[in-house]
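Just below is one structure, and these are the notes that go with it.
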Amino acid sequence: MHPKGFKFAAPQLRRIVSNVEVERKFNPGPKFASLFFNNNRTKTETQSLKVLSAHEGLPFTILRLPGQLIRDIYYDTHDDELCRLRGLWVRQRRISVLPHDPFQIEKNLNGDVTSECIKSLAVDDRLVNSILFPSRFGWSSFRDKAEWNAKLRVGGHFNNSQFVEFDGKENVSAEILRASEMKTKLEDLQVTVDLQTRRQSWEVTQLADGTTPSAKMTVVLDEVTETDASVDGSDDSAFLHTIGEVELFQQLVTEDKDDTEHELYRKEIAAKRMEELKEFVLGNPDLFSTTPKPVGKLSAYEAWKASRR
């Protein structure tokens, strides 16, 4: 028996759900455009928004996803404490889905697809202005409601990272309080960065050996500008940055672990997924170049801002 007046509670076991995301950044390699954007080798499945790509020379199978125009507004304290010290990125995201054909806007604007459309995915003034007339271009306008999202880095570094994601204002608010040791609330944060991204993405459905990836694998190519900037070529000093990422995303569910055990298991899974991702990226250097060292959009934006001071 326990001494009178003392009670010992066993750890609570409950169903715990968390998201695991690992990513590796890359620069588009010499064969990336010719293999990922070659519509002549693309097989369409009925009228689906998704296109199965079985390219000659591509060692894995991809499913092309609808393009997106994304606006990300990042928030932090006045001294960037959450990002700099806590490894926590907080943002509001608005997404517009582009046409099924990644070159449809260029077709509508120019009448045909030129080689420049494949070489460049720039978000120019024509594209931004077409948001005002979505029906003309066959795509939806920005979602009216922004979605709150936070990413906590739990491993790796800027180019090869492991994250836990938090979605929804309530979950983001709770994570900010936890990360700041109850010192900072969501309402205390201020806007630090406002970026617009044109994103093209592909899901890897089958690896070179014929197996399915262990988690959802996505190849992403982003071209990023400042939200209010004009990048039609009239301003050579405007911020414009292209970066690619390969991501593995998995939802992790445990029924028989407490919080500490779940976190240890999550880290174990994240480390395994990172090794798988490393093998995939380094095994395809003509597609995913890591020389020179890839630079993420936020790092590139900070360097660009510093160069203008």
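Here, A, B, ... name the chains of the structure tokens in the order displayed, residue numbers run from 1 inside each chain, and ligands are numbered from 1 in the same displayed order.
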
Give me the residues near A:Pro28 as a list of chain:residue names, where near means some atom within 7 Å (using only C-alpha atoms) and where sequence neighbours in that chain fewer than 2 positions away do not count. A:Phe26, A:Pro30, A:Phe32, A:Gly244, A:Leu287, A:Phe288, A:Ser289

Out of stretch 231-304 of chain A, which residues get strand (DSSP E or B) from DSSP, as a list in words?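 Assigned to strand (DSSP E or B), within stretch 231-304 of chain A: Leu240, His241, Thr242, Ile243, Gly244, Glu245, Val246, Glu247, Leu248, Phe249, Gln250, Gln251, Leu252, Val253, Thr254, Glu255, Asp256, Lys257, Phe288 and Ser289 of chain A.
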
Please dump the current selection as a compact mmCIF listing (two decimals), in the first residue's frame; keep C-alpha atoms.
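Saved to out.txt:
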```
# COMPACT_ATOMS: atom_id res chain seq x y z
CA LEU A 240 11.81 36.58 -57.31
CA HIS A 241 12.98 33.20 -56.08
CA THR A 242 12.56 29.66 -57.40
CA ILE A 243 12.97 26.66 -55.10
CA GLY A 244 11.90 23.04 -55.11
CA GLU A 245 11.06 20.65 -52.29
CA VAL A 246 10.45 16.95 -52.00
CA GLU A 247 8.21 16.19 -49.03
CA LEU A 248 7.05 13.13 -47.16
CA PHE A 249 3.91 13.63 -45.08
CA GLN A 250 2.35 11.12 -42.69
CA GLN A 251 -0.40 11.28 -40.12
CA LEU A 252 0.66 9.34 -37.03
CA VAL A 253 -1.92 7.70 -34.76
CA THR A 254 -1.24 5.81 -31.52
CA GLU A 255 -3.78 4.19 -29.22
CA ASP A 256 -1.58 2.69 -26.50
CA LYS A 257 0.99 5.41 -25.72
CA PHE A 288 16.96 17.40 -57.81
CA SER A 289 20.21 19.35 -57.71
```

Counting only C-alpha atoms, what is within 12 Å of A:Arg308, bar same-chain residues fewer than 2 positions away, as a count of residues only? 9

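Within stretch 181-266 of chain A, the backbone-based DSSP assignment of helix (DSSP H, G or I) covers Leu186, Glu187, Asp188, Asp259, Thr260, Glu261, His262, Glu263, Leu264, Tyr265 and Arg266 of chain A.
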
As an exercise, work out the distance from atom CA of A:Lys297 to atom CA of A:Val224 in Å and give it to one decimal place.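 Going from atom CA of A:Lys297 over to atom CA of A:Val224 covers 7.0 Å.
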
Mind giving me the straight-line distance from atom CA of A:Glu81 to atom CA of A:Asp188 in Å, one decimal?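 Pair atom CA of A:Glu81 / atom CA of A:Asp188 returns 12.1 Å.
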
Residue nearest A:Arg199 - candidates A:Val220, A:Thr225, A:Arg266, A:Ala33, atoms counted: only C-alpha atoms: A:Val220

From A:Lys151, A:Arg24, A:Lys267, A:Lys216, residue lying nearest A:Ala179 [only C-alpha atoms]: A:Lys151

Rank nothing, just name the residue among A:Thr205, A:Thr260, A:Thr290, A:Ser307 nearest to A:Thr61, using only C-alpha atoms.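 So, comparing all the options, the nearest one is A:Thr205.
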